[in-house]
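Have a look at coords12.pdb; it's PDB, C-alpha atoms and all ligand atoms:
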```
ATOM      1  CA  MET A   1       0.000   0.000   0.000  1.00  0.00           C
ATOM      2  CA  ASN A   2       2.315   2.718  -1.166  1.00  0.00           C
ATOM      3  CA  ASP A   3       2.604   5.238  -3.923  1.00  0.00           C
ATOM      4  CA  ALA A   4       5.764   5.491  -6.032  1.00  0.00           C
ATOM      5  CA  SER A   5       5.395   9.256  -6.420  1.00  0.00           C
ATOM      6  CA  CYS A   6       5.024   9.907  -2.674  1.00  0.00           C
ATOM      7  CA  PRO A   7       8.110  11.165  -0.796  1.00  0.00           C
ATOM      8  CA  LEU A   8       6.910   9.657   2.504  1.00  0.00           C
ATOM      9  CA  CYS A   9       6.544   6.237   0.862  1.00  0.00           C
ATOM     10  CA  ALA A  10       9.968   6.530  -0.774  1.00  0.00           C
ATOM     11  CA  ASP A  11      11.960   7.896   2.155  1.00  0.00           C
ATOM     12  CA  ALA A  12      11.873   8.237   5.965  1.00  0.00           C
ATOM     13  CA  GLY A  13      11.365  11.983   5.586  1.00  0.00           C
ATOM     14  CA  GLY A  14      13.877  12.974   8.251  1.00  0.00           C
ATOM     15  CA  ALA A  15      16.124  11.469  10.897  1.00  0.00           C
ATOM     16  CA  LEU A  16      14.516   8.223  12.058  1.00  0.00           C
ATOM     17  CA  VAL A  17      13.834   8.252  15.819  1.00  0.00           C
ATOM     18  CA  PHE A  18      11.583   5.210  16.118  1.00  0.00           C
ATOM     19  CA  GLN A  19      10.146   2.632  13.730  1.00  0.00           C
ATOM     20  CA  ALA A  20       7.073   0.579  14.516  1.00  0.00           C
ATOM     21  CA  GLU A  21       5.180  -1.621  12.093  1.00  0.00           C
ATOM     22  CA  LYS A  22       2.426   0.897  11.454  1.00  0.00           C
ATOM     23  CA  PHE A  23       4.173   4.221  11.966  1.00  0.00           C
ATOM     24  CA  ARG A  24       7.519   5.879  12.421  1.00  0.00           C
ATOM     25  CA  VAL A  25       8.709   8.955  14.252  1.00  0.00           C
ATOM     26  CA  ILE A  26      11.210  11.197  12.540  1.00  0.00           C
ATOM     27  CA  ARG A  27      12.926  14.410  13.508  1.00  0.00           C
ATOM     28  CA  ALA A  28      12.486  16.962  10.738  1.00  0.00           C
ATOM     29  CA  GLN A  29      15.381  19.022   9.455  1.00  0.00           C
ATOM     30  CA  GLU A  30      14.026  22.519  10.096  1.00  0.00           C
ATOM     31  CA  ALA A  31      16.874  24.841  11.067  1.00  0.00           C
ATOM     32  CA  ALA A  32      14.826  27.417  12.995  1.00  0.00           C
ATOM     33  CA  PHE A  33      12.675  24.757  14.721  1.00  0.00           C
ATOM     34  CA  PRO A  34      14.953  21.935  15.816  1.00  0.00           C
ATOM     35  CA  ALA A  35      12.383  20.275  18.137  1.00  0.00           C
ATOM     36  CA  PHE A  36      10.163  19.405  15.182  1.00  0.00           C
ATOM     37  CA  TYR A  37       9.026  15.789  14.998  1.00  0.00           C
ATOM     38  CA  ARG A  38       6.637  13.938  12.735  1.00  0.00           C
ATOM     39  CA  VAL A  39       4.599  10.793  13.291  1.00  0.00           C
ATOM     40  CA  VAL A  40       4.325   9.278   9.818  1.00  0.00           C
ATOM     41  CA  TRP A  41       1.828   6.493   9.173  1.00  0.00           C
ATOM     42  CA  THR A  42       3.459   3.646   7.233  1.00  0.00           C
ATOM     43  CA  ALA A  43       0.633   2.954   4.788  1.00  0.00           C
ATOM     44  CA  HIS A  44      -0.118   5.528   2.134  1.00  0.00           C
ATOM     45  CA  VAL A  45      -3.428   6.942   3.337  1.00  0.00           C
ATOM     46  CA  ALA A  46      -4.393  10.589   3.120  1.00  0.00           C
ATOM     47  CA  GLU A  47      -6.689  11.116   6.081  1.00  0.00           C
ATOM     48  CA  LEU A  48      -6.930  10.002   9.703  1.00  0.00           C
ATOM     49  CA  SER A  49     -10.448   8.775   8.965  1.00  0.00           C
ATOM     50  CA  ASP A  50      -9.033   6.349   6.378  1.00  0.00           C
ATOM     51  CA  LEU A  51      -7.828   4.281   9.358  1.00  0.00           C
ATOM     52  CA  ASP A  52     -10.028   1.913  11.314  1.00  0.00           C
ATOM     53  CA  LEU A  53     -10.878   2.835  14.903  1.00  0.00           C
ATOM     54  CA  GLU A  54      -8.042   0.822  16.399  1.00  0.00           C
ATOM     55  CA  ASP A  55      -5.436   2.383  14.125  1.00  0.00           C
ATOM     56  CA  ARG A  56      -6.792   5.901  14.695  1.00  0.00           C
ATOM     57  CA  ALA A  57      -6.305   5.339  18.419  1.00  0.00           C
ATOM     58  CA  LEU A  58      -2.798   3.935  17.848  1.00  0.00           C
ATOM     59  CA  CYS A  59      -1.830   6.925  15.694  1.00  0.00           C
ATOM     60  CA  MET A  60      -3.066   9.445  18.230  1.00  0.00           C
ATOM     61  CA  ALA A  61      -1.447   7.563  21.116  1.00  0.00           C
ATOM     62  CA  ALA A  62       1.864   7.801  19.251  1.00  0.00           C
ATOM     63  CA  VAL A  63       1.333  11.540  18.727  1.00  0.00           C
ATOM     64  CA  CYS A  64       0.595  11.940  22.452  1.00  0.00           C
ATOM     65  CA  ALA A  65       3.706   9.973  23.418  1.00  0.00           C
ATOM     66  CA  VAL A  66       5.863  12.322  21.337  1.00  0.00           C
ATOM     67  CA  GLU A  67       4.082  15.356  22.785  1.00  0.00           C
ATOM     68  CA  GLN A  68       4.616  14.092  26.321  1.00  0.00           C
ATOM     69  CA  ALA A  69       8.316  13.445  25.718  1.00  0.00           C
ATOM     70  CA  LEU A  70       8.712  16.997  24.397  1.00  0.00           C
ATOM     71  CA  ARG A  71       6.942  18.392  27.462  1.00  0.00           C
ATOM     72  CA  GLU A  72       8.993  16.359  29.914  1.00  0.00           C
ATOM     73  CA  GLN A  73      12.353  16.933  28.245  1.00  0.00           C
ATOM     74  CA  LEU A  74      12.047  20.531  27.047  1.00  0.00           C
ATOM     75  CA  GLN A  75       9.261  22.262  28.997  1.00  0.00           C
ATOM     76  CA  PRO A  76       8.125  24.165  25.868  1.00  0.00           C
ATOM     77  CA  THR A  77       5.804  27.163  26.029  1.00  0.00           C
ATOM     78  CA  LYS A  78       3.374  25.111  23.893  1.00  0.00           C
ATOM     79  CA  VAL A  79       3.299  21.985  21.768  1.00  0.00           C
ATOM     80  CA  ASN A  80       1.791  22.423  18.313  1.00  0.00           C
ATOM     81  CA  LEU A  81       0.090  19.500  16.572  1.00  0.00           C
ATOM     82  CA  ALA A  82      -0.866  19.667  12.921  1.00  0.00           C
ATOM     83  CA  ALA A  83      -1.905  17.276  10.188  1.00  0.00           C
ATOM     84  CA  LEU A  84      -2.010  19.209   6.929  1.00  0.00           C
ATOM     85  CA  GLY A  85      -0.944  16.962   4.083  1.00  0.00           C
ATOM     86  CA  ASN A  86      -1.811  19.496   1.411  1.00  0.00           C
ATOM     87  CA  VAL A  87       1.564  19.093  -0.261  1.00  0.00           C
ATOM     88  CA  VAL A  88       2.193  15.438   0.656  1.00  0.00           C
ATOM     89  CA  PRO A  89      -1.168  13.666   1.072  1.00  0.00           C
ATOM     90  CA  HIS A  90       0.263  10.844   3.186  1.00  0.00           C
ATOM     91  CA  LEU A  91      -0.957  10.828   6.787  1.00  0.00           C
ATOM     92  CA  HIS A  92       1.578  12.474   9.086  1.00  0.00           C
ATOM     93  CA  TRP A  93       1.308  14.541  12.230  1.00  0.00           C
ATOM     94  CA  HIS A  94       3.647  17.388  12.976  1.00  0.00           C
ATOM     95  CA  VAL A  95       4.533  17.571  16.671  1.00  0.00           C
ATOM     96  CA  VAL A  96       6.536  20.707  17.387  1.00  0.00           C
ATOM     97  CA  ALA A  97       7.822  22.163  20.650  1.00  0.00           C
ATOM     98  CA  ARG A  98       7.250  25.918  20.537  1.00  0.00           C
ATOM     99  CA  PHE A  99       8.917  28.528  22.707  1.00  0.00           C
ATOM    100  CA  ASP A 100       8.024  32.130  23.367  1.00  0.00           C
ATOM    101  CA  TRP A 101      11.442  33.115  21.976  1.00  0.00           C
ATOM    102  CA  ASP A 102      11.098  31.251  18.667  1.00  0.00           C
ATOM    103  CA  SER A 103      11.036  33.247  15.450  1.00  0.00           C
ATOM    104  CA  HIS A 104       7.304  32.803  14.815  1.00  0.00           C
ATOM    105  CA  PHE A 105       5.730  32.525  18.288  1.00  0.00           C
ATOM    106  CA  PRO A 106       2.795  32.961  18.851  1.00  0.00           C
ATOM    107  CA  ALA A 107       2.051  32.637  15.115  1.00  0.00           C
ATOM    108  CA  PRO A 108       1.976  29.186  13.502  1.00  0.00           C
ATOM    109  CA  LEU A 109       5.391  28.092  12.308  1.00  0.00           C
ATOM    110  CA  TRP A 110       4.029  28.287   8.762  1.00  0.00           C
ATOM    111  CA  GLY A 111       2.934  31.889   9.392  1.00  0.00           C
ATOM    112  CA  SER A 112       4.830  35.154   9.422  1.00  0.00           C
ATOM    113  CA  PRO A 113       8.019  35.555  11.439  1.00  0.00           C
ATOM    114  CA  GLN A 114       7.560  37.696  14.535  1.00  0.00           C
ATOM    115  CA  ARG A 115      11.263  38.274  15.226  1.00  0.00           C
ATOM    116  CA  PRO A 116      14.675  37.151  13.948  1.00  0.00           C
ATOM    117  CA  VAL A 117      15.857  33.604  14.638  1.00  0.00           C
ATOM    118  CA  ASP A 118      17.742  33.480  17.959  1.00  0.00           C
ATOM    119  CA  GLY A 119      20.688  31.353  16.880  1.00  0.00           C
ATOM    120  CA  THR A 120      22.020  30.893  20.418  1.00  0.00           C
ATOM    121  CA  ALA A 121      18.682  29.638  21.758  1.00  0.00           C
ATOM    122  CA  VAL A 122      18.150  27.405  18.711  1.00  0.00           C
ATOM    123  CA  ALA A 123      21.611  25.863  19.144  1.00  0.00           C
ATOM    124  CA  ALA A 124      21.010  25.273  22.866  1.00  0.00           C
ATOM    125  CA  LEU A 125      17.709  23.577  22.060  1.00  0.00           C
ATOM    126  CA  ALA A 126      19.258  21.453  19.300  1.00  0.00           C
ATOM    127  CA  ALA A 127      21.907  20.222  21.756  1.00  0.00           C
ATOM    128  CA  ARG A 128      19.168  18.666  23.929  1.00  0.00           C
ATOM    129  CA  LEU A 129      17.508  16.633  21.188  1.00  0.00           C
ATOM    130  CA  ASP A 130      19.471  13.403  21.485  1.00  0.00           C
ATOM    131  CA  ALA A 131      17.900  13.059  24.952  1.00  0.00           C
ATOM    132  CA  VAL A 132      14.474  13.831  23.482  1.00  0.00           C
ATOM    133  CA  ASP A 133      14.960  11.220  20.763  1.00  0.00           C
ATOM    134  CA  ASP A 134      15.878   8.660  23.431  1.00  0.00           C
ATOM    135  CA  ALA A 135      12.828   9.556  25.531  1.00  0.00           C
ATOM    136  CA  ILE A 136      10.528   9.171  22.522  1.00  0.00           C
ATOM    137  CA  ALA A 137      12.023   5.808  21.601  1.00  0.00           C
ATOM    138  CA  ARG A 138      11.711   4.609  25.231  1.00  0.00           C
ATOM    139  CA  ALA A 139       8.082   5.729  25.446  1.00  0.00           C
ATOM    140  CA  LEU A 140       7.182   3.923  22.229  1.00  0.00           C
ATOM    141  CA  SER A 141       9.154   0.726  22.920  1.00  0.00           C
ATOM    142  CA  VAL A 142       6.214  -0.901  24.644  1.00  0.00           C
ATOM    143  CA  SER A 143       4.085  -3.652  23.263  1.00  0.00           C
ATOM    144  CA  CYS A 144       1.041  -1.580  22.397  1.00  0.00           C
ATOM    145  CA  PHE A 145       3.022   0.359  19.797  1.00  0.00           C
ATOM    146  CA  LEU A 146       5.086  -2.434  18.234  1.00  0.00           C
TER     147      LEU A 146
HETATM  148 ZN    ZN A 201       2.867   7.833   0.676  1.00  0.00          ZN
END
```
Translate this file's structure into C-alpha cells.
Amino acid sequence: MNDASCPLCADAGGALVFQAEKFRVIRAQEAAFPAFYRVVWTAHVAELSDLDLEDRALCMAAVCAVEQALREQLQPTKVNLAALGNVVPHLHWHVVARFDWDSHFPAPLWGSPQRPVDGTAVAALAARLDAVDDAIARALSVSCFL
C-alpha cells in the first residue's frame, strides 16, 4: 500500500527516531525549529479517517507519546500538533515544541516571522535533542506500539 510518487513512501522523511510496524517517528530538518518531529503512518493513506478505529487510536497515542516526551524533556511554552498533508497527502502529524522566543511565536510556524531567529537559543535547544529522541524511543518501545 504505497505510492511510487510519494516522498513519505519513498523515504523516511527525516532522521529516524523510532520505527514501529504501522508508523515511524522522525525528527524533521528545520533549522529554525529543531524540536520538530513527525509521526508518519506507514501505509499511504491521506486522512486520519481512512484508518479503522483501532489504528486511529494507535496513531493518536503515538502523537501523544511524542508530545509528552517533548513536554517532559524541554518544557516548551506550547506543543503544536498539525496534520495538513496538502503538499504530501500521506498521513503524518507534525509535533513541534514551541517557545516564546522562537522566530514565529505565537504565530503558527508556517505563518509570518515575529522576530529574527535566535541562533544561540536554537543551538542550545538542538543540543538537547538526542535526549528527546531517546525519551521518545523509550516511550514507544512498549508492546502496544510495536
Ligand atoms: Zn505515501
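The residues returned by the PyMOL selection byres (((not hetatm)) within 9 of (chain A and resi 201)) for this structure are Met1, Asn2, Asp3, Ala4, Ser5, Cys6, Pro7, Leu8, Cys9, Ala10, Trp41, Thr42, Ala43, His44, Val45, Ala46, Val88, Pro89, His90 and Leu91 of chain A.
Our summary of the geometry notes that atom CA of A:Ala20 is positioned 5.2 Å from atom CA of A:Leu146.
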A:Ala62: which residues within 8 Å, counting only C-alpha atoms, same-chain residues fewer than 2 positions away excluded, as a compact mmCIF listing (two decimals) with C-alpha atoms, in the coordinates of the input?
```txt
# COMPACT_ATOMS: atom_id res chain seq x y z
CA VAL A 39 4.60 10.79 13.29
CA LEU A 58 -2.80 3.94 17.85
CA CYS A 59 -1.83 6.92 15.69
CA MET A 60 -3.07 9.44 18.23
CA CYS A 64 0.60 11.94 22.45
CA ALA A 65 3.71 9.97 23.42
CA VAL A 66 5.86 12.32 21.34
CA LEU A 140 7.18 3.92 22.23
CA PHE A 145 3.02 0.36 19.80
```
What separates atom CA of A:Leu70 and atom CA of A:Gly111 is a distance of 21.9 Å
Distance in Å - atom CA of A:Phe99 versus atom CA of A:Glu47: 28.7 Å
